[in-house]
Number of protein chains: 2
Amino acid sequence: MSGLSIGQVAERTGLSVHTLRFYEREGLLTQPVRRGTAGHRVYNQDDVDWLGVCIRLRASGMPLPDIRRYTELVRAGQGNEVERLEVLRGHRERVLAQMHDLDECLKLITHKVAIYEGRLGLRDNVPDCAP
Amino acid sequence: MSGLSIGQVAERTGLSVHTLRFYEREGLLTQPVRRGTAGHRVYNQDDVDWLGVCIRLRASGMPLPDIRRYTELVRAGQGNEVERLEVLRGHRERVLAQMHDLDECLKLITHKVAIYEGRLGLRDNVPDCAP
DNA sequence: GTTTGACCTAGAGTCGGCTCTAGCTTCTAC
DNA sequence: GTAGAAGCTAGAGCCGACTCTAGGTCAAAC
């Protein structure tokens, strides 16, 4: 059985039906969505899988135009691996940079948390150090 | 030396002067900015340091309202460590969640890159791909 | 036979986070 | 004394990524 309504896809991807239609307009699907009775969209498992990829890319901050570009390459079929690698490697750089930022922030938080916990611990003779 | 113009602060924080004024309006400074001749803002090192904190929090996705809230707590002075910890721990959760997402994405990228590199390897004698 | 619920389209609205503009002042250097 | 750089305010504009609305179709359940 592979014939999912937009509602079912929304349910299993976690995207809203609005967003699913929006993503389609934005060209984030590797194939045109089939239509059933009354023009209703009919998705299959491949669509859901691909949306899973898109969701991960989005969650890591890839902009929609980049996802569209990658989707187009995939849609075009084999033979453009070099371009696909270009896109993915470019994004990997950004992901690594983000991880670095998050790490920095985590250090900051840990530092501040230690200070505040310290202050709470010795509540009485509090020296006013850093904010 | 402590008496920096907005331009100097922009230079050493990497924020634009527009953004500096915007952040001020948004309440992201722990103290009202002093004014010099002709109403020009005069920052000191503490301001720059605090902006550094804000920048890290922003870079890790903390929304401006949350940064403002934290700033207000700091501005209020000692005695609200519990609330500060609440804010920071809340954000730490989100940072960890983001790291998880990035990690997932990195796995995906690594996987796909391996596939494409593999395909390119098999096609080495096909004169169709640029360096 | 009508109500309910899921779907459709085109297009408008929202929100966060900047970013820029217009019109003005003030200082420094030529 | 005038040109240029840097600053000021209030407010408008922009961009990305959704999110929602209005007005309609259709099938099944009551």
# chains A, B, ... in the order shown; residues from 1 in each chain; ligands from 1

$ calpha_fit_rmsd --fixed "chain B" --moving "chain A"
3.7 Å

$ closest_atom_pairs --of "chain A" --to "chain D" --cutoff "9 Å" --atoms "only C-alpha atoms (C1' of nucleotides)" --output "JSON lines"
{"residue": "A:His18", "atom": "CA", "partner": "D:DT19", "partner_atom": "C1'", "distance": 7.1}
{"residue": "A:Thr19", "atom": "CA", "partner": "D:DC18", "partner_atom": "C1'", "distance": 6.9}
{"residue": "A:Phe22", "atom": "CA", "partner": "D:DC18", "partner_atom": "C1'", "distance": 8.2}
{"residue": "A:Thr37", "atom": "CA", "partner": "D:DC26", "partner_atom": "C1'", "distance": 8.6}
{"residue": "A:Ala38", "atom": "CA", "partner": "D:DC26", "partner_atom": "C1'", "distance": 6.7}
{"residue": "A:Pro63", "atom": "CA", "partner": "D:DG16", "partner_atom": "C1'", "distance": 8.3}
{"residue": "A:Leu64", "atom": "CA", "partner": "D:DA17", "partner_atom": "C1'", "distance": 8.5}

$ atom_distance --atom1 "atom CA of Arg75 of chain B" --atom2 "atom CA of Val17 of chain B"
22.8 Å

$ atom_distance --atom1 "atom CA of Gly118 of chain A" --atom2 "atom CA of Leu57 of chain B"
21.7 Å

$ closest_residue --among "C:DC8, C:DA29, C:DG16, C:DT21" --to "chain A" --atoms "only C-alpha atoms (C1' of nucleotides)"
C:DC8

$ closest_residue --among "B:Arg12, B:Arg58, B:Arg21, B:Arg69" --to "chain A" --atoms "only C-alpha atoms"
B:Arg58

$ interface_residues --of "chain A" --to "chain B" --cutoff "6 Å" --atoms "only C-alpha atoms" --output "PyMOL selection string"
chain A and resi 56+60+81+102+105+116+131

$ closest_atom_pairs --of "chain A" --to "chain C" --cutoff "9 Å" --atoms "only C-alpha atoms (C1' of nucleotides)" --output "CSV"
residue,atom,partner,partner_atom,distance
A:Ser5,CA,C:DC7,C1',8.9
A:Ile6,CA,C:DC7,C1',8.4
A:Gly7,CA,C:DA6,C1',8.0
A:Ala38,CA,C:DC8,C1',8.1
A:Gly39,CA,C:DC8,C1',7.1
A:His40,CA,C:DC7,C1',6.2
A:Arg41,CA,C:DC7,C1',8.5

$ atom_distance --atom1 "atom CA of Arg94 of chain B" --atom2 "atom CA of Asp66 of chain B"
12.4 Å

$ select_by_dssp --residues "chain B" --states "strand (DSSP E or B)" --output "JSON, numbers by chain"
{"B": [4, 34, 35, 41, 42, 43]}

$ select_by_dssp --residues "chain B" --states "helix (DSSP H, G or I)" --output "number ranges by chain"
B: 6-13, 17-25, 37-39, 45-59, 64-76, 81-122
